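What follows is the content of protein_8.txt, which has compact mmCIF, C-alpha atoms:
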# COMPACT_ATOMS: atom_id res chain seq x y z
CA MET U 14 119.27 76.66 107.73
CA PRO U 15 121.21 79.67 106.36
CA ILE U 16 119.92 81.43 103.25
CA GLU U 17 122.54 81.15 100.51
CA THR U 18 123.00 83.99 98.02
CA ASP U 19 125.61 85.60 95.80
CA ALA U 20 125.45 88.98 97.52
CA LEU U 21 123.98 90.40 100.68
CA VAL U 22 123.10 94.10 100.69
CA ILE U 23 122.90 95.66 104.15
CA GLY U 24 120.57 98.65 103.92
CA ALA U 25 117.32 99.19 101.98
CA GLY U 26 117.53 102.94 101.51
CA PRO U 27 117.68 104.47 98.00
CA VAL U 28 121.36 103.53 97.55
CA GLY U 29 120.83 99.97 98.80
CA LEU U 30 117.86 99.51 96.48
CA PHE U 31 119.79 100.85 93.49
CA GLN U 32 122.61 98.49 94.41
CA VAL U 33 120.15 95.63 93.89
CA PHE U 34 119.46 96.95 90.39
CA GLN U 35 123.14 97.19 89.47
CA LEU U 36 123.82 93.69 90.79
CA GLY U 37 120.81 92.41 88.87
CA LEU U 38 122.15 93.75 85.58
CA LEU U 39 125.23 91.58 86.17
CA GLU U 40 123.02 88.60 87.06
CA ILE U 41 124.17 88.58 90.67
CA LYS U 42 121.47 87.28 92.99
CA CYS U 43 121.09 89.13 96.25
CA HIS U 44 119.12 89.49 99.46
CA VAL U 45 118.66 92.75 101.38
CA ILE U 46 118.62 93.38 105.15
CA ASP U 47 117.43 96.57 106.83
CA ALA U 48 116.84 97.58 110.44
CA LEU U 49 113.65 99.46 109.57
CA PRO U 50 110.36 97.58 109.09
CA TYR U 51 109.97 99.18 105.64
CA PRO U 52 112.27 100.08 102.72
CA GLY U 53 113.40 103.64 102.00
CA GLY U 54 115.89 104.39 104.78
CA GLN U 55 116.24 107.93 106.02
CA CYS U 56 114.40 109.24 102.93
CA ILE U 57 111.22 107.62 104.20
CA GLU U 58 111.90 108.25 107.85
CA LEU U 59 113.11 111.86 107.76
CA TYR U 60 111.47 113.45 104.71
CA PRO U 61 108.92 111.10 103.11
CA ASP U 62 106.89 113.92 101.54
CA LYS U 63 109.41 116.73 101.26
CA PRO U 64 110.55 117.55 97.71
CA ILE U 65 113.94 116.32 96.47
CA TYR U 66 115.33 118.20 93.48
CA ASP U 67 118.75 116.65 92.77
CA ILE U 68 117.91 113.15 91.50
CA PRO U 69 119.18 112.99 87.88
CA GLY U 70 116.44 113.20 85.28
CA THR U 71 113.77 113.79 87.94
CA PRO U 72 113.02 117.50 88.42
CA ARG U 73 111.07 116.85 91.62
CA THR U 74 110.33 113.80 93.74
CA THR U 75 109.86 112.87 97.40
CA GLY U 76 111.40 110.20 99.59
CA ARG U 77 108.23 108.16 99.30
CA GLU U 78 108.04 108.52 95.51
CA LEU U 79 111.74 107.80 95.02
CA THR U 80 111.47 104.64 97.11
CA ALA U 81 108.42 103.47 95.15
CA SER U 82 110.25 104.06 91.84
CA LEU U 83 113.32 102.15 92.99
CA LEU U 84 111.21 99.23 94.22
CA ALA U 85 109.50 99.12 90.81
CA GLN U 86 112.90 99.26 89.09
CA ILE U 87 114.30 96.27 91.00
CA LYS U 88 111.15 94.17 90.74
CA PRO U 89 112.47 92.06 87.80
CA PHE U 90 115.28 90.75 90.01
CA ASP U 91 113.09 89.33 92.83
CA ALA U 92 115.49 90.32 95.60
CA PRO U 93 113.95 89.37 98.97
CA LEU U 94 113.86 92.17 101.58
CA HIS U 95 114.46 91.09 105.18
CA LEU U 96 113.13 94.07 107.13
CA GLY U 97 113.28 94.86 110.83
CA GLN U 98 116.62 93.02 111.03
CA VAL U 99 119.98 94.24 112.31
CA VAL U 100 123.17 92.36 111.46
CA SER U 101 124.87 91.18 114.65
CA GLN U 102 127.75 89.09 113.35
CA ILE U 103 129.82 88.52 110.21
CA GLU U 104 132.22 85.58 109.95
CA LYS U 105 134.53 84.64 107.08
CA LEU U 106 134.15 80.95 106.25
CA PRO U 107 136.95 78.64 105.05
CA ASP U 108 135.41 78.54 101.56
CA GLY U 109 135.73 82.33 101.27
CA ARG U 110 132.06 83.11 101.80
CA PHE U 111 130.65 85.15 104.65
CA GLN U 112 128.22 83.87 107.24
CA VAL U 113 125.98 86.67 108.48
CA GLU U 114 123.62 86.52 111.43
CA THR U 115 121.00 89.02 112.60
CA PHE U 116 119.91 89.75 116.15
CA LYS U 117 116.74 87.78 115.38
CA GLY U 118 118.82 84.68 114.62
CA HIS U 119 118.41 84.68 110.82
CA GLN U 120 121.50 83.44 108.99
CA PHE U 121 122.85 84.06 105.50
CA LYS U 122 125.80 82.78 103.49
CA ALA U 123 127.03 85.17 100.81
CA LYS U 124 130.02 85.45 98.50
CA VAL U 125 130.09 89.23 98.91
CA ILE U 126 128.59 91.81 101.24
CA ILE U 127 127.74 95.36 100.23
CA ILE U 128 127.10 97.76 103.11
CA ALA U 129 124.65 100.50 102.16
CA ALA U 130 123.64 101.36 105.69
CA GLY U 131 123.60 105.14 105.32
CA VAL U 132 124.55 106.79 108.60
CA GLY U 133 123.92 103.56 110.46
CA ALA U 134 121.05 101.34 111.52
CA PHE U 135 118.04 103.39 112.50
CA GLN U 136 116.73 102.49 115.95
CA PRO U 137 113.49 103.81 117.45
CA LYS U 138 113.69 106.44 120.16
CA LEU U 139 112.28 104.77 123.24
CA LEU U 140 109.55 106.00 125.53
CA LYS U 141 111.51 106.32 128.77
CA VAL U 142 109.07 105.28 131.48
CA ALA U 143 110.44 102.89 134.11
CA GLY U 144 109.00 99.39 133.79
CA LEU U 145 107.14 100.05 130.54
CA GLU U 146 109.63 98.02 128.48
CA LYS U 147 108.16 94.73 129.73
CA PHE U 148 105.15 95.30 127.47
CA GLN U 149 107.26 95.70 124.32
CA ASN U 150 106.07 93.59 121.37
CA SER U 151 102.95 92.53 123.29
CA GLN U 152 101.18 95.83 124.00
CA LEU U 153 103.93 98.38 123.34
CA PHE U 154 105.14 98.79 119.76
CA TYR U 155 107.66 101.09 118.05
CA HIS U 156 107.07 101.97 114.37
CA VAL U 157 105.09 98.78 113.79
CA GLN U 158 101.33 98.49 114.01
CA PRO U 159 100.11 95.17 115.44
CA GLU U 160 97.71 93.27 113.22
CA ALA U 161 94.84 93.25 115.73
CA THR U 162 93.53 96.46 117.32
CA ALA U 163 89.80 95.72 117.02
CA GLY U 164 87.93 96.56 120.19
CA GLN U 165 91.04 97.99 121.86
CA ASN U 166 91.86 101.34 123.38
CA VAL U 167 94.81 102.53 121.30
CA LEU U 168 97.14 105.33 122.43
CA ILE U 169 99.51 106.74 119.79
CA VAL U 170 102.46 108.86 120.94
CA GLY U 171 104.17 111.25 118.50
CA GLY U 172 103.68 114.32 116.36
CA GLU U 173 105.32 113.49 113.02
CA ASP U 174 103.94 111.98 109.81
CA SER U 175 104.17 108.36 110.94
CA ALA U 176 102.18 108.98 114.15
CA LEU U 177 99.46 110.95 112.35
CA GLU U 178 99.26 108.39 109.53
CA CYS U 179 98.73 105.66 112.12
CA ALA U 180 95.97 107.68 113.82
CA VAL U 181 94.25 108.34 110.50
CA ASP U 182 94.49 104.65 109.49
CA LEU U 183 92.91 103.46 112.75
CA ALA U 184 90.24 106.16 112.71
CA THR U 185 89.38 105.26 109.11
CA THR U 186 88.78 101.57 109.87
CA GLY U 187 86.82 102.40 113.01
CA GLN U 188 87.60 98.99 114.50
CA ALA U 189 89.41 100.20 117.61
CA LYS U 190 87.34 100.96 120.69
CA SER U 191 89.11 104.31 120.98
CA VAL U 192 92.00 106.09 119.27
CA THR U 193 93.97 108.78 121.11
CA LEU U 194 96.86 110.75 119.60
CA LEU U 195 99.21 112.19 122.21
CA HIS U 196 101.92 114.76 121.48
CA ARG U 197 103.92 116.95 123.82
CA ARG U 198 102.75 120.04 121.93
CA ASP U 199 99.62 121.01 120.04
CA VAL U 200 101.73 121.69 116.94
CA TYR U 201 102.55 118.74 114.67
CA GLN U 202 105.62 118.26 112.49
CA ALA U 203 103.69 116.64 109.69
CA ALA U 204 102.32 117.33 106.22
CA PRO U 205 99.51 119.96 106.38
CA GLU U 206 97.03 117.70 104.59
CA LEU U 207 97.70 114.98 107.17
CA VAL U 208 97.13 117.39 110.05
CA ALA U 209 93.86 118.46 108.40
CA LYS U 210 92.70 114.83 108.26
CA VAL U 211 93.50 114.33 111.95
CA HIS U 212 91.52 117.44 112.88
CA ALA U 213 88.61 116.27 110.73
CA PHE U 214 88.53 112.88 112.49
CA ARG U 215 88.73 114.66 115.85
CA ASP U 216 85.77 116.86 114.93
CA ALA U 217 83.88 113.74 113.89
CA LYS U 218 84.78 112.18 117.28
CA ALA U 219 86.57 109.30 115.56
CA LEU U 220 89.73 110.05 117.55
CA GLN U 221 90.88 112.17 120.48
CA LEU U 222 93.83 114.55 120.67
CA MET U 223 95.83 115.12 123.85
CA VAL U 224 98.80 117.31 124.72
CA GLY U 225 101.24 115.97 127.30
CA GLN U 226 103.62 113.11 127.99
CA VAL U 227 103.39 109.56 129.29
CA THR U 228 104.79 109.54 132.83
CA GLY U 229 103.53 106.23 134.21
CA PHE U 230 101.06 103.40 133.73
CA ASP U 231 98.58 101.05 135.37
CA GLU U 232 98.62 97.29 135.01
CA GLN U 233 96.47 94.39 136.11
CA ALA U 234 97.49 90.74 136.08
CA GLY U 235 100.64 91.66 134.13
CA LYS U 236 98.77 93.54 131.40
CA LEU U 237 98.93 97.23 130.58
CA THR U 238 95.53 98.81 131.27
CA ALA U 239 96.17 102.57 131.28
CA ALA U 240 98.85 105.16 130.54
CA HIS U 241 99.39 108.09 132.89
CA VAL U 242 99.47 111.26 130.81
CA THR U 243 100.73 114.47 132.44
CA ASP U 244 99.48 117.57 130.64
CA VAL U 245 101.09 121.00 130.26
CA ASP U 246 99.42 122.17 133.51
CA GLY U 247 100.97 119.33 135.48
CA GLN U 248 97.73 117.40 135.80
CA THR U 249 97.93 113.62 135.35
CA HIS U 250 95.19 111.62 133.66
CA ALA U 251 94.78 107.83 133.39
CA VAL U 252 94.08 107.07 129.73
CA PRO U 253 92.69 103.55 129.12
CA THR U 254 95.29 101.77 126.98
CA ASP U 255 95.34 98.26 125.57
CA THR U 256 97.84 99.04 122.80
CA LEU U 257 100.53 101.73 122.98
CA LEU U 258 102.07 102.77 119.64
CA VAL U 259 105.14 105.00 119.92
CA TYR U 260 106.42 107.13 117.03
CA LEU U 261 109.07 109.39 118.53
CA GLY U 262 111.36 109.15 115.52
CA LEU U 263 114.50 107.16 114.88
CA SER U 264 118.13 107.77 115.68
CA PRO U 265 120.96 106.32 113.58
CA LYS U 266 123.44 104.11 115.39
CA LEU U 267 126.57 102.73 113.77
CA GLY U 268 126.07 99.62 115.87
CA PRO U 269 127.88 96.35 115.05
CA VAL U 270 129.49 97.76 111.87
CA ALA U 271 132.23 99.14 114.11
CA ASP U 272 133.07 95.60 115.26
CA TRP U 273 133.43 93.96 111.84
CA GLY U 274 137.17 94.58 111.54
CA LEU U 275 136.83 97.18 108.77
CA ALA U 276 139.17 100.15 108.48
CA MET U 277 137.21 103.15 109.77
CA ALA U 278 137.63 106.91 109.73
CA ARG U 279 135.35 109.10 111.86
CA LYS U 280 132.72 106.38 112.16
CA GLN U 281 132.70 105.76 108.41
CA VAL U 282 134.03 102.80 106.46
CA GLU U 283 137.13 103.53 104.38
CA VAL U 284 136.93 102.38 100.75
CA ASP U 285 138.88 102.70 97.52
CA THR U 286 137.36 104.59 94.60
CA GLU U 287 137.87 101.89 91.99
CA LYS U 288 135.45 99.29 93.33
CA PHE U 289 134.39 100.80 96.66
CA ALA U 290 135.96 97.82 98.37
CA THR U 291 136.67 97.98 102.10
CA SER U 292 139.80 96.76 103.87
CA VAL U 293 138.20 93.28 104.08
CA PRO U 294 138.22 91.51 100.69
CA GLY U 295 134.67 90.68 99.62
CA ILE U 296 133.04 93.49 101.59
CA PHE U 297 132.10 96.73 99.81
CA ALA U 298 130.51 99.92 101.12
CA VAL U 299 128.41 102.48 99.25
CA GLY U 300 126.50 105.60 100.21
CA ASP U 301 126.80 107.68 103.36
CA ILE U 302 128.41 104.85 105.35
CA ASN U 303 131.69 105.09 103.41
CA SER U 304 134.59 107.52 103.34
CA TYR U 305 137.18 108.42 100.70
CA PRO U 306 138.96 111.60 99.56
CA GLY U 307 136.48 114.02 98.05
CA LYS U 308 133.43 112.11 99.33
CA LYS U 309 130.13 114.00 98.95
CA LYS U 310 127.11 112.74 100.87
CA LEU U 311 124.59 112.85 98.07
CA ILE U 312 122.17 110.20 96.84
CA LEU U 313 123.47 110.61 93.28
CA SER U 314 127.03 109.95 94.52
CA GLY U 315 125.80 106.73 96.11
CA PHE U 316 124.17 105.67 92.83
CA HIS U 317 127.52 106.06 91.04
CA GLU U 318 129.27 104.03 93.74
CA CYS U 319 126.72 101.21 93.32
CA ALA U 320 127.68 100.68 89.67
CA LEU U 321 131.39 100.30 90.43
CA ALA U 322 130.76 98.16 93.52
CA ALA U 323 128.63 95.79 91.42
CA PHE U 324 131.49 95.21 88.97
CA GLY U 325 133.84 94.69 91.91
CA ALA U 326 131.45 92.14 93.38
CA ALA U 327 131.16 90.37 90.01
CA ASP U 328 134.91 89.68 90.02
CA ILE U 329 134.42 87.69 93.25
CA VAL U 330 131.05 86.08 92.53
CA SER U 331 132.14 84.89 89.06
CA PRO U 332 135.97 85.00 88.94
CA GLY U 333 137.43 85.14 85.45
CA LYS U 334 134.11 86.01 83.81
CA ASN U 335 135.19 89.64 83.30
CA PRO U 336 131.73 91.18 82.75
CA GLN U 337 131.52 93.76 79.98
CA LEU U 338 129.77 97.08 80.22
CA GLU U 339 126.43 96.93 78.40
CA TYR U 340 123.74 99.55 77.86
CA THR U 341 120.06 99.12 78.67
CA THR U 342 119.23 100.97 75.45
CA SER U 343 120.67 98.26 73.22
CA SER U 344 121.56 95.06 75.09
CA THR U 345 119.18 92.19 74.35
CA ARG U 346 120.54 90.38 77.43
CA LEU U 347 119.57 93.30 79.67
CA HIS U 348 116.20 93.58 77.96
CA ARG U 349 115.59 89.92 78.79
CA LEU U 350 116.56 90.45 82.42
CA LEU U 351 114.32 93.50 82.69
CA GLY U 352 111.42 91.80 80.95
CA VAL U 353 111.10 94.33 78.15
CA ASP U 354 110.74 93.75 74.41
CA GLY U 355 113.51 95.67 72.73
CA GLN U 356 112.80 98.77 74.77
CA ALA U 357 114.22 99.69 78.13
CA PRO U 358 111.79 100.98 80.78
CA ALA U 359 111.35 104.75 80.92
CA GLY U 360 114.12 106.37 82.91
CA VAL U 361 116.47 103.38 82.75

How does the structure come out when it is put into structure tokens?
Amino acid sequence: MPIETDALVIGAGPVGLFQVFQLGLLEIKCHVIDALPYPGGQCIELYPDKPIYDIPGTPRTTGRELTASLLAQIKPFDAPLHLGQVVSQIEKLPDGRFQVETFKGHQFKAKVIIIAAGVGAFQPKLLKVAGLEKFQNSQLFYHVQPEATAGQNVLIVGGEDSALECAVDLATTGQAKSVTLLHRRDVYQAAPELVAKVHAFRDAKALQLMVGQVTGFDEQAGKLTAAHVTDVDGQTHAVPTDTLLVYLGLSPKLGPVADWGLAMARKQVEVDTEKFATSVPGIFAVGDINSYPGKKKLILSGFHECALAAFGAADIVSPGKNPQLEYTTSSTRLHRLLGVDGQAPAGV
């Protein structure tokens, strides 16, 4: 049974999340889809703890902090997030709505669609070992920790924040039989405090560190039992492995967006600058995914685009209503929506 909603936002990065807020102020109900298993987009994936200095009114923040603030800001609007989903198909229905389907078979019906997909849907970089793919989602996982690792030999591959965070989490619980962190170098591209924690757990023998690459595997009765790790000296070791967690980063792919019949320019969606509408009526695009004269790829530019796209969407969701611009400092209607008593939340 398709989920019915006023608007469907594709992308849960900072711009997509702020789009939810702008739609909420106009009382437009929405759902959000994102390819990643968590909100935050490339801010979370590429620089979760690096400082960002150009968010208006915020002298310094990080991708993680900005995402947390935006999630708190949209909380009054109860917009469901459908994570780990990639849109596969969009179809215009006779009644003017859009039917949207994801690769996982989830369906939505929406009056408008707002694409806030950044530079595209982020897909995990795969561990390229012939035959290993048959264990995916049973013993091999990308960017998602399985719920049960108790009593298992866990091998984590990667050298960035997400890999080290996973290693620290598992070492902290102590439920896994063994935890091994494998990286191709002995230098990690992660926050210094995170690296210090990993070294501390290693010294306490709560986890092991290895340098090398997975080059093969052993299996018994169709189950992964060990990963072959080739070190920098060319020696190969069989590392007992029940669960293989791979954090090699993500790469953005434009994916199905290119097949939705939208006018494109250099792999970006062309929009107007009045409502940020695309060439297909009812579909809007905001943030890094769009293109127009003078476009600047900045988060603050995307925030501006969200406000105008919301008013454009309102004309379709509620034709003839002609929503008026109101201010969160003084509008009792907005105060009611935000759940505040005569005072807008700080920063709004």

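Near Gly164 (chain U), within a cut-off of 7 Å and counting only C-alpha atoms, sit the residues Gln188, Ala189 and Lys190 of chain U, with same-chain residues fewer than 3 positions away left out.
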
Excluding Asp272 (chain U) and residues on its chain fewer than 2 positions from it, collect all residues at most 12 Å away from it, counting all atoms listed in the file, and give them as a tab-separated table (two decimals) with C-alpha atoms, in the frame of the given file.
chain	number	residue	atom	x	y	z
U	100	VAL	CA	123.17	92.36	111.46
U	101	SER	CA	124.87	91.18	114.65
U	102	GLN	CA	127.75	89.09	113.35
U	103	ILE	CA	129.82	88.52	110.21
U	104	GLU	CA	132.22	85.58	109.95
U	267	LEU	CA	126.57	102.73	113.77
U	268	GLY	CA	126.07	99.62	115.87
U	269	PRO	CA	127.88	96.35	115.05
U	270	VAL	CA	129.49	97.76	111.87
U	274	GLY	CA	137.17	94.58	111.54
U	275	LEU	CA	136.83	97.18	108.77
U	276	ALA	CA	139.17	100.15	108.48
U	277	MET	CA	137.21	103.15	109.77
U	280	LYS	CA	132.72	106.38	112.16
U	282	VAL	CA	134.03	102.80	106.46

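For the atom pair formed by CA of Asn303 (chain U) and CA of Ile126 (chain U), the distance is 13.8 Å, given to one decimal.
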
Centre, x/y/z edge lengths, axis-aligned box for region 48-58 of chain U with 8 Å per side, as JSON:
{"center_x": 113.4, "center_y": 103.4, "center_z": 106.2, "size_x": 22.9, "size_y": 27.7, "size_z": 24.4}

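As for CA of Ile46 (chain U) and CA of Asp91 (chain U), they are spaced 14.1 Å apart.
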
message = Here's a test: counting all atoms listed in the file, identify every protein, DNA and RNA residue with an atom at most 12 Å from (88.7, 105.2, 110.6) in the file's coordinate frame, and state them as a PyMOL selection string.
response = chain U and resi 163+178-192+210-211+213-215+217-220

Among the residues U:His44, U:Lys88, U:Arg110, U:Arg197, the one that comes closest to Ile296 (chain U) [using only C-alpha atoms] = U:Arg110

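Computed from the coordinates, the CA of Val245 (chain U) to CA of Val224 (chain U) distance equals 7.0 Å.
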
Place a sphere of radius 12 Å on (130.8, 80.5, 108.4) in the file coordinates and name every protein, DNA or RNA residue with an atom inside or on its surface, counting only C-alpha atoms; give the answer as a tab-separated table (two decimals) with C-alpha atoms, in the frame of the given file.
chain	number	residue	atom	x	y	z
U	15	PRO	CA	121.21	79.67	106.36
U	17	GLU	CA	122.54	81.15	100.51
U	102	GLN	CA	127.75	89.09	113.35
U	103	ILE	CA	129.82	88.52	110.21
U	104	GLU	CA	132.22	85.58	109.95
U	105	LYS	CA	134.53	84.64	107.08
U	106	LEU	CA	134.15	80.95	106.25
U	107	PRO	CA	136.95	78.64	105.05
U	108	ASP	CA	135.41	78.54	101.56
U	109	GLY	CA	135.73	82.33	101.27
U	110	ARG	CA	132.06	83.11	101.80
U	111	PHE	CA	130.65	85.15	104.65
U	112	GLN	CA	128.22	83.87	107.24
U	113	VAL	CA	125.98	86.67	108.48
U	114	GLU	CA	123.62	86.52	111.43
U	120	GLN	CA	121.50	83.44	108.99
U	121	PHE	CA	122.85	84.06	105.50
U	122	LYS	CA	125.80	82.78	103.49
U	123	ALA	CA	127.03	85.17	100.81
U	124	LYS	CA	130.02	85.45	98.50

request  = Check the smallest atom-to-atom distance from each of U:Val330, U:Val170, U:Val99, U:Leu222 to Phe116 (chain U) using all atoms listed in the file, then report the winner.
outcome  = U:Val99

ask   = Which of these residues is nearest to Leu351 (chain U), using only C-alpha atoms: U:Ala85, U:Leu49, U:Leu21, U:Val200?
value = U:Ala85

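Checking U:Ile68, U:Ile57, U:Val227, U:Ile127 one by one against Ala327 (chain U), counting all atoms listed in the file, you find the shortest gap at U:Ile127.
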
task = Write out as a PyMOL selection string which residues come within 12 Å of Lys236 (chain U) when counting only C-alpha atoms, dropping same-chain ones fewer than 3 positions away.
result = chain U and resi 145+147-149+151-153+230-233+239-240+253-257

Would you pick out the contacts of region 193-196 of chain U at 8 Å or less, using all atoms listed in the file, so that residues sharing its chain but fewer than 3 positions from it are not included, and give the list as a tab-separated table (two decimals) with C-alpha atoms, keeping the file's coordinate frame?
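The result, written out as selection_3.tsv:
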chain	number	residue	atom	x	y	z
U	167	VAL	CA	94.81	102.53	121.30
U	168	LEU	CA	97.14	105.33	122.43
U	169	ILE	CA	99.51	106.74	119.79
U	170	VAL	CA	102.46	108.86	120.94
U	171	GLY	CA	104.17	111.25	118.50
U	172	GLY	CA	103.68	114.32	116.36
U	176	ALA	CA	102.18	108.98	114.15
U	177	LEU	CA	99.46	110.95	112.35
U	180	ALA	CA	95.97	107.68	113.82
U	199	ASP	CA	99.62	121.01	120.04
U	201	TYR	CA	102.55	118.74	114.67
U	220	LEU	CA	89.73	110.05	117.55
U	221	GLN	CA	90.88	112.17	120.48
U	222	LEU	CA	93.83	114.55	120.67
U	223	MET	CA	95.83	115.12	123.85
U	224	VAL	CA	98.80	117.31	124.72
U	225	GLY	CA	101.24	115.97	127.30
U	226	GLN	CA	103.62	113.11	127.99

remark   = One residue among U:Val22, U:Cys43, U:Leu30, U:Leu258 is nearest to Phe154 (chain U) when using all atoms listed in the file, and that residue is U:Leu258
